[in-house]
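**Student:** Below is data.txt; it holds compact mmCIF, C-alpha atoms.
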# COMPACT_ATOMS: atom_id res chain seq x y z
CA MET I 1 -1.22 17.51 17.45
CA LYS I 2 2.43 18.36 18.10
CA ALA I 3 4.78 16.61 15.67
CA GLY I 4 8.56 16.29 15.62
CA PHE I 5 10.70 15.14 12.69
CA VAL I 6 13.92 13.10 12.98
CA GLY I 7 16.12 12.72 9.88
CA LEU I 8 16.36 15.67 7.52
CA GLY I 9 17.85 14.34 4.31
CA ALA I 10 16.37 15.23 0.93
CA MET I 11 13.18 13.28 1.65
CA GLY I 12 12.86 14.10 5.33
CA ALA I 13 13.40 17.84 4.96
CA ALA I 14 10.80 18.07 2.21
CA MET I 15 8.29 16.07 4.23
CA ALA I 16 8.99 18.16 7.32
CA ARG I 17 8.26 21.35 5.39
CA ASN I 18 4.83 20.03 4.42
CA VAL I 19 4.01 19.12 8.02
CA ALA I 20 5.18 22.58 9.09
CA ALA I 21 2.93 24.22 6.49
CA SER I 22 -0.06 22.68 8.28
CA GLY I 23 1.06 24.17 11.61
CA GLN I 24 1.64 20.77 13.23
CA LEU I 25 5.47 20.62 13.27
CA THR I 26 7.06 21.88 16.48
CA ALA I 27 10.60 20.44 16.49
CA VAL I 28 13.25 18.75 14.33
CA TRP I 29 16.44 16.79 14.98
CA ASN I 30 19.19 15.61 12.66
CA ARG I 31 22.48 13.80 13.17
CA SER I 32 24.21 16.88 11.72
CA PRO I 33 23.08 19.68 14.08
CA VAL I 34 23.63 22.46 11.54
CA VAL I 35 21.08 20.88 9.20
CA ALA I 36 18.46 20.86 11.94
CA ALA I 37 19.35 24.38 13.04
CA ASP I 38 19.01 25.76 9.52
CA LEU I 39 15.64 24.10 8.88
CA ALA I 40 14.35 25.10 12.31
CA ALA I 41 15.29 28.71 11.62
CA GLU I 42 13.57 28.56 8.23
CA LEU I 43 10.36 27.15 9.73
CA ALA I 44 10.48 29.11 13.01
CA ILE I 45 10.39 25.96 15.14
CA GLU I 46 12.73 24.28 17.65
CA ALA I 47 15.91 22.34 16.86
CA SER I 48 15.91 19.73 19.62
CA ARG I 49 19.06 18.80 21.53
CA SER I 50 18.49 15.07 21.07
CA PRO I 51 15.89 12.58 19.80
CA ALA I 52 14.82 12.00 23.42
CA ASP I 53 14.35 15.75 23.96
CA LEU I 54 12.22 15.94 20.81
CA ALA I 55 10.15 12.90 21.79
CA SER I 56 9.40 14.31 25.24
CA LYS I 57 7.69 17.35 23.69
CA CYS I 58 5.70 15.71 20.89
CA ASP I 59 2.54 13.66 20.44
CA VAL I 60 3.85 12.09 17.25
CA VAL I 61 7.45 11.53 16.17
CA LEU I 62 8.21 11.18 12.45
CA VAL I 63 11.41 9.34 11.47
CA CYS I 64 13.09 9.20 8.06
CA VAL I 65 16.60 7.73 8.04
CA SER I 66 18.57 5.47 5.73
CA ALA I 67 19.05 1.93 7.01
CA ASP I 68 18.00 -0.72 9.54
CA GLU I 69 20.82 0.05 11.94
CA ASP I 70 19.99 3.78 11.75
CA VAL I 71 16.36 3.13 12.63
CA LEU I 72 17.24 1.00 15.65
CA GLU I 73 19.86 3.52 16.81
CA VAL I 74 17.38 6.38 16.57
CA MET I 75 14.69 4.34 18.30
CA GLY I 76 17.07 3.62 21.16
CA GLN I 77 17.63 7.34 21.60
CA LEU I 78 13.97 8.25 21.21
CA CYS I 79 12.72 5.72 23.72
CA THR I 80 14.08 7.49 26.77
CA GLY I 81 11.89 10.47 25.90
CA LEU I 82 8.75 8.66 24.77
CA GLY I 83 5.71 8.85 26.99
CA PRO I 84 2.52 6.78 27.08
CA GLY I 85 0.34 7.49 24.06
CA THR I 86 3.11 8.92 21.88
CA ILE I 87 3.11 7.57 18.32
CA VAL I 88 6.30 6.98 16.32
CA ILE I 89 5.95 6.77 12.53
CA ASP I 90 8.94 5.46 10.60
CA PHE I 91 9.08 6.40 6.92
CA SER I 92 12.44 4.68 6.33
CA THR I 93 12.80 1.65 4.08
CA VAL I 94 14.01 -1.23 6.24
CA SER I 95 13.13 -4.87 6.84
CA SER I 96 9.84 -6.01 8.35
CA GLU I 97 11.82 -7.54 11.22
CA THR I 98 13.42 -4.20 12.04
CA ALA I 99 9.96 -2.60 12.10
CA ARG I 100 8.76 -5.23 14.56
CA GLN I 101 11.82 -4.70 16.77
CA ALA I 102 11.15 -0.96 16.80
CA ALA I 103 7.53 -1.62 17.73
CA GLU I 104 8.64 -3.72 20.72
CA MET I 105 10.93 -0.91 21.86
CA THR I 106 8.14 1.69 21.76
CA ALA I 107 5.60 -0.64 23.39
CA ALA I 108 7.91 -1.00 26.38
CA ARG I 109 7.46 2.76 26.92
CA GLY I 110 3.69 2.66 26.50
CA ALA I 111 3.98 4.25 23.05
CA SER I 112 2.85 3.05 19.61
CA PHE I 113 4.79 2.42 16.41
CA MET I 114 3.87 2.53 12.72
CA ASP I 115 6.01 1.51 9.76
CA SER I 116 5.05 3.66 6.80
CA PRO I 117 7.62 3.49 3.99
CA VAL I 118 6.88 5.81 1.10
CA SER I 119 7.15 5.91 -2.67
CA GLY I 120 7.26 8.91 -4.97
CA GLY I 121 10.83 10.13 -4.64
CA VAL I 122 11.99 13.61 -3.81
CA GLU I 123 9.34 15.09 -6.13
CA GLY I 124 6.57 13.39 -4.19
CA ALA I 125 8.07 14.47 -0.88
CA ARG I 126 8.22 18.09 -2.02
CA ASN I 127 4.72 18.07 -3.47
CA GLY I 128 3.07 16.18 -0.61
CA THR I 129 1.94 13.44 -3.00
CA LEU I 130 3.76 10.41 -1.60
CA ALA I 131 2.25 6.93 -1.56
CA MET I 132 2.37 5.63 2.01
CA MET I 133 2.24 1.91 2.86
CA VAL I 134 1.24 1.58 6.49
CA GLY I 135 1.81 -1.24 8.94
CA ALA I 136 -0.01 -0.41 12.17
CA ASP I 137 -3.06 -0.79 14.32
CA GLY I 138 -5.96 0.81 12.47
CA GLU I 139 -6.94 3.02 15.40
CA THR I 140 -3.40 4.35 15.66
CA LEU I 141 -3.41 5.27 11.98
CA GLU I 142 -6.70 7.14 12.38
CA ARG I 143 -5.20 9.26 15.16
CA VAL I 144 -2.33 10.49 12.99
CA MET I 145 -4.14 10.92 9.67
CA PRO I 146 -4.11 14.75 9.94
CA VAL I 147 -0.30 14.61 9.96
CA MET I 148 -0.02 11.88 7.31
CA GLU I 149 -2.29 13.75 4.91
CA THR I 150 0.13 16.69 4.78
CA MET I 151 2.74 14.44 3.14
CA GLY I 152 0.87 11.78 1.19
CA ARG I 153 -1.81 11.49 -1.46
CA SER I 154 -2.33 7.73 -1.09
CA ILE I 155 -2.26 6.41 2.49
CA VAL I 156 -3.12 2.71 2.63
CA HIS I 157 -3.33 0.52 5.73
CA MET I 158 -1.68 -2.78 4.73
CA GLY I 159 -1.97 -4.65 8.05
CA PRO I 160 -0.05 -4.94 11.32
CA VAL I 161 3.46 -3.57 11.93
CA GLY I 162 5.85 -4.95 9.30
CA SER I 163 3.23 -5.02 6.56
CA GLY I 164 4.24 -1.59 5.31
CA GLN I 165 7.83 -2.70 4.83
CA ALA I 166 6.75 -5.90 3.06
CA THR I 167 4.65 -3.77 0.70
CA LYS I 168 7.57 -1.43 0.06
CA ALA I 169 9.72 -4.46 -0.82
CA VAL I 170 7.21 -5.32 -3.54
CA ASN I 171 7.44 -1.73 -4.77
CA GLN I 172 11.23 -1.77 -4.87
CA ILE I 173 11.40 -5.05 -6.77
CA MET I 174 8.88 -3.73 -9.28
CA ALA I 175 10.82 -0.46 -9.61
CA ALA I 176 13.95 -2.48 -10.37
CA GLY I 177 12.16 -4.39 -13.10
CA ILE I 178 10.77 -1.20 -14.61
CA ASN I 179 14.22 0.38 -14.53
CA GLN I 180 15.67 -2.64 -16.34
CA ALA I 181 12.90 -2.68 -18.96
CA VAL I 182 12.83 1.05 -19.69
CA THR I 183 16.59 1.53 -19.89
CA GLU I 184 17.03 -1.54 -22.09
CA ALA I 185 14.15 -0.63 -24.41
CA LEU I 186 15.35 2.95 -24.85
CA ALA I 187 18.89 1.74 -25.49
CA PHE I 188 17.48 -0.52 -28.20
CA GLY I 189 15.62 2.46 -29.66
CA GLU I 190 18.82 4.45 -29.73
CA SER I 191 20.61 1.57 -31.47
CA GLN I 192 17.96 1.78 -34.19
CA ALA I 193 18.75 5.48 -34.74
CA LEU I 194 15.23 6.51 -33.77
CA PRO I 195 14.45 10.12 -32.71
CA MET I 196 14.46 9.58 -28.97
CA GLU I 197 12.26 12.49 -27.92
CA LYS I 198 9.51 11.39 -30.30
CA LEU I 199 10.00 7.76 -29.31
CA ILE I 200 9.51 8.51 -25.62
CA ASP I 201 6.41 10.60 -26.33
CA VAL I 202 4.68 7.98 -28.46
CA ILE I 203 5.59 5.02 -26.25
CA GLY I 204 4.53 6.95 -23.17
CA SER I 205 1.05 7.50 -24.59
CA GLY I 206 0.42 3.80 -25.13
CA ALA I 207 0.23 0.56 -23.16
CA ALA I 208 3.93 0.69 -22.21
CA GLY I 209 3.66 4.14 -20.66
CA ASN I 210 4.74 4.45 -17.02
CA TRP I 211 5.90 7.01 -14.44
CA PHE I 212 9.58 6.18 -14.84
CA LEU I 213 9.51 6.58 -18.62
CA ALA I 214 7.58 9.84 -18.35
CA HIS I 215 9.82 11.39 -15.68
CA ARG I 216 13.23 9.93 -16.52
CA GLY I 217 13.11 8.95 -20.18
CA GLN I 218 14.15 12.28 -21.68
CA THR I 219 16.84 12.99 -19.08
CA MET I 220 18.52 9.60 -19.22
CA THR I 221 18.76 9.64 -23.02
CA GLN I 222 20.39 13.07 -22.73
CA GLY I 223 22.95 11.74 -20.24
CA ILE I 224 21.42 13.61 -17.28
CA PHE I 225 21.18 11.57 -14.07
CA ASP I 226 20.40 14.09 -11.33
CA PRO I 227 19.10 12.10 -8.36
CA GLY I 228 15.43 11.71 -7.70
CA PHE I 229 16.15 8.35 -6.09
CA LYS I 230 19.83 7.57 -5.61
CA LEU I 231 21.08 4.30 -7.04
CA LYS I 232 22.97 3.40 -3.86
CA LEU I 233 19.76 3.70 -1.84
CA HIS I 234 17.86 1.43 -4.21
CA HIS I 235 20.78 -0.99 -3.99
CA LYS I 236 20.41 -0.94 -0.18
CA ASP I 237 16.67 -1.57 -0.49
CA LEU I 238 17.17 -4.49 -2.86
CA LEU I 239 19.58 -6.10 -0.41
CA ILE I 240 16.74 -5.96 2.12
CA CYS I 241 14.38 -7.45 -0.48
CA ARG I 242 16.83 -10.28 -1.19
CA ALA I 243 17.17 -11.10 2.51
CA MET I 244 13.38 -11.13 2.91
CA SER I 245 13.08 -13.33 -0.19
CA GLU I 246 15.63 -15.80 1.11
CA ASN I 247 13.81 -16.02 4.44
CA SER I 248 10.59 -16.98 2.65
CA GLY I 249 12.23 -19.30 0.11
CA PHE I 250 11.41 -17.01 -2.82
CA GLN I 251 13.81 -16.33 -5.69
CA SER I 252 13.85 -13.19 -7.85
CA ARG I 253 16.00 -12.85 -10.94
CA VAL I 254 15.08 -9.16 -11.06
CA ILE I 255 16.65 -8.58 -7.63
CA ASP I 256 19.80 -10.53 -8.47
CA SER I 257 20.42 -8.98 -11.89
CA THR I 258 19.72 -5.43 -10.70
CA LEU I 259 22.00 -5.79 -7.69
CA ALA I 260 24.76 -6.98 -10.02
CA ASP I 261 24.26 -4.03 -12.38
CA TYR I 262 24.06 -1.53 -9.54
CA GLY I 263 27.23 -3.01 -8.07
CA ARG I 264 29.09 -2.31 -11.32
CA LEU I 265 27.82 1.27 -11.39
CA MET I 266 28.75 1.87 -7.76
CA GLU I 267 32.25 0.62 -8.49
CA GLN I 268 32.38 3.33 -11.17
CA GLU I 269 31.25 5.89 -8.54
CA TYR I 270 27.75 6.45 -9.92
CA GLY I 271 26.01 5.49 -6.67
CA ASP I 272 24.88 9.06 -5.92
CA GLU I 273 23.18 9.41 -9.31
CA ASP I 274 19.54 8.62 -10.07
CA ILE I 275 18.66 4.97 -10.65
CA SER I 276 18.17 5.85 -14.32
CA THR I 277 21.98 5.87 -14.54
CA LEU I 278 21.48 2.17 -15.29
CA TYR I 279 21.13 3.48 -18.85
CA ARG I 280 24.93 3.87 -18.85
CA LEU I 281 25.24 0.09 -18.99
CA LYS I 282 22.62 -0.34 -21.72
CA ARG I 283 23.13 2.46 -24.24
CA PRO I 284 25.05 1.81 -27.45
CA GLU I 285 28.76 2.65 -27.37
Let's see the structure in the file written out as C-alpha cells.
**Tutor:**
Amino acid sequence: MKAGFVGLGAMGAAMARNVAASGQLTAVWNRSPVVAADLAAELAIEASRSPADLASKCDVVLVCVSADEDVLEVMGQLCTGLGPGTIVIDFSTVSSETARQAAEMTAARGASFMDSPVSGGVEGARNGTLAMMVGADGETLERVMPVMETMGRSIVHMGPVGSGQATKAVNQIMAAGINQAVTEALAFGESQALPMEKLIDVIGSGAAGNWFLAHRGQTMTQGIFDPGFKLKLHHKDLLICRAMSENSGFQSRVIDSTLADYGRLMEQEYGDEDISTLYRLKRPE
C-alpha cells in the first residue's frame, strides 16, 4: 500500500517516520516546503508539489494538522487528486461535524474518509505507541490496518465517521481534569514542605498513580515545561469540546475552569509550553 503524509509538525513527522520504516510511505507534503523537502531527503521519498499531487499517487493519505479550518482547507486541496478507492485518514483533533464534512468531500470523489484522532503525545508518536480512536466503516479500517499499526499500539473502532472525534473529546476533557488534579495536589505537597521526588514516587505507586504524574510530575516540580503536548493546542481542543457540549446541552466545569486557567497562561506567553505549565498557577509563591 502506497501512503502519503500531509502535515509534518512534531506529531506528524514522527508518525511519518514510523510509516516510512515499514516501507509504506512514498510521499510527504507540508505547508512549509522546506520541512517536507528535509524529511523527504531523510527518508529517501518524494516531497510532493501539492496535496492533490500527493493524493494522485497514493492509496492512502494520512493527514495531521492543527485545527478544523486547516483540515477542511487540506481536504479541499486533496480532493482534486483523490481517485476512487483512495482512503483519507485524518489524525487531527477537530469537531465531529468537521469530520463528517470531510467525509462528504471525499465521498464525492469516490474515496473514503476516516477520523482517527490520537492520544499519547510526541512520545507516543515517536515510539509508535499511540492510542487511535477511529470513526469509519469497519471494512475501510481493515484495509488500512497495516499502515495504522506502524503508528499505534491501541487502534479501536468507535463507530461511524465522527465517533473518533467524539471519543477524543472525552479524552481531552479527562486530560484537563487530570492536569488540574495532579498540579493542584503536587502544589499542596510542596506547600507542606514534603520531599517532592519521594512524594511523586510513592503516590505514583498507589491508587492515585497515572501517566501524567509519572511522566510530568518530576519535571513540573523542577520548573521544567518542555512541550510534550502544548498548552495552546489543548486549549484549542477544549474549545471544540465546549462547543460540542453546548450542542448537546451538556455542561462541564472541568472544561470551563481549565479554559480560564489556560487563558491566563497564554496571556503570560506560556502557550508553547507543556500543559503541565498549569503548575505555575498552583505552586506556592
**Student:** So, counting all atoms listed in the file, which residue among I:Glu97, I:Asp237, I:Glu139, I:Glu184 is closest to Val170 in chain I?
**Tutor:**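 So, comparing all the options, the nearest one is I:Asp237.
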**Student:** Report as lines of an AutoDock Vina configuration file the centre and the edge lengths, in Å to one decimal, of the axis-aligned box holding every listed atom of range 119-124 of chain I, padded by 8 Å on each side.
**Tutor:**
center_x = 9.3
center_y = 10.5
center_z = -4.4
size_x = 21.4
size_y = 25.2
size_z = 19.5
**Student:** Using Å and a single decimal, report how far CA of Val147 in chain I sits from CA of Val118 in chain I.
**Tutor:**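 Atom-to-atom, CA of Val118 in chain I to CA of Val147 in chain I, that is 14.4 Å.
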**Student:** One number please: CA of Asp115 in chain I to CA of Met151 in chain I, in Å, one decimal.
**Tutor:**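 Interatomic distance here is 14.9 Å.
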**Student:** Output as a Markdown table one row per residue of range 170-206 of chain I within 10 Å of range 241-265 of chain I: the closest atom pair and its distance in Å to one decimal place, counting all atoms listed in the file, sorted by chain and residue number ascending.
**Tutor:**
| residue | atom | partner | partner_atom | distance |
| --- | --- | --- | --- | --- |
| I:Val170 | CA | I:Cys241 | CA | 8.1 |
| I:Asn171 | CA | I:Cys241 | CA | 10.0 |
| I:Gln172 | CA | I:Cys241 | CA | 7.8 |
| I:Ile173 | CA | I:Ile255 | CA | 6.4 |
| I:Met174 | CA | I:Val254 | CA | 8.4 |
| I:Ala175 | CA | I:Val254 | CA | 9.8 |
| I:Ala176 | CA | I:Thr258 | CA | 6.5 |
| I:Gly177 | CA | I:Val254 | CA | 6.0 |
| I:Ile178 | CA | I:Val254 | CA | 9.7 |
| I:Asn179 | CA | I:Thr258 | CA | 8.9 |
| I:Gln180 | CA | I:Thr258 | CA | 7.5 |
**Student:** Could you tell me, as a list in words, which residues have any atom at most 10 Å from (-1.2, 5.9, -1.4), counting only C-alpha atoms?
**Tutor:**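 Final list of nearby residues, as requested, is Val118, Ser119, Gly120, Thr129, Leu130, Ala131, Met132, Met133, Val134, Gly152, Arg153, Ser154, Ile155, Val156 and His157 of chain I.
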**Student:** Determine, counting all atoms listed in the file, which protein, DNA and RNA residues have an atom within 8 Å of an atom of range 219-230 of chain I; residues of the same chain fewer than 2 positions away are not included. Present the result as a VMD selection string.
**Tutor:** chain I and resid 121 to 123 186 196 215 to 217 232 to 234 271 to 277 279
**Student:** Counting all atoms listed in the file, which residues in range 92-171 of chain I sit no more than 12 Å from range 61-73 of chain I? For each one, give the nearest pair of atoms and the distance in Å, sorted by chain then residue number, as CSV.
**Tutor:**
residue,atom,partner,partner_atom,distance
I:Ser92,CA,I:Cys64,CA,4.9
I:Thr93,CA,I:Ala67,CA,6.9
I:Val94,CA,I:Asp68,CA,5.2
I:Ser95,CA,I:Asp68,CA,6.9
I:Ser96,CA,I:Asp68,CA,9.8
I:Glu97,CA,I:Asp68,CA,9.4
I:Thr98,CA,I:Asp68,CA,6.3
I:Ala99,CA,I:Val71,CA,8.6
I:Arg100,CA,I:Leu72,CA,10.6
I:Gln101,CA,I:Leu72,CA,7.9
I:Ala102,CA,I:Leu72,CA,6.5
I:Ala103,CA,I:Leu72,CA,10.3
I:Glu104,CA,I:Leu72,CA,11.0
I:Met105,CA,I:Leu72,CA,9.1
I:Thr106,CA,I:Leu72,CA,11.0
I:Ala111,CA,I:Val61,CA,10.6
I:Ser112,CA,I:Val61,CA,10.2
I:Phe113,CA,I:Val61,CA,9.5
I:Met114,CA,I:Leu62,CA,9.7
I:Asp115,CA,I:Val63,CA,9.7
I:Ser116,CA,I:Val63,CA,9.7
I:Pro117,CA,I:Cys64,CA,8.9
I:Val118,CA,I:Cys64,CA,9.9
I:Ala125,CA,I:Cys64,CA,11.5
I:Val144,CA,I:Val61,CA,10.3
I:Val147,CA,I:Leu62,CA,9.5
I:Met148,CA,I:Leu62,CA,9.7
I:Met151,CA,I:Leu62,CA,11.3
I:Gln165,CA,I:Asp68,CA,11.4
**Student:** Measuring between only C-alpha atoms, which one of I:Ala27, I:Ala208, I:Val6, I:Ala107 shows the shortest distance to Val74 in chain I?
**Tutor:**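 Going through I:Ala27, I:Ala208, I:Val6, I:Ala107 one by one, the smallest distance to Val74 in chain I is for I:Val6.
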**Student:** Residues at most 8 Å from range 34-44 of chain I, counting all atoms listed in the file, excluding those fewer than 6 positions away in the same chain, as a PDB file with C-alpha atoms, in the frame of the given file?
**Tutor:**
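Written out: selection.pdb:
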ATOM      1  CA  LEU I   8      16.360  15.670   7.520  1.00  0.00           C
ATOM      2  CA  ALA I  13      13.400  17.840   4.960  1.00  0.00           C
ATOM      3  CA  ARG I  17       8.260  21.350   5.390  1.00  0.00           C
ATOM      4  CA  ALA I  20       5.180  22.580   9.090  1.00  0.00           C
ATOM      5  CA  ALA I  27      10.600  20.440  16.490  1.00  0.00           C
ATOM      6  CA  VAL I  28      13.250  18.750  14.330  1.00  0.00           C
TER       7      VAL I  28
END
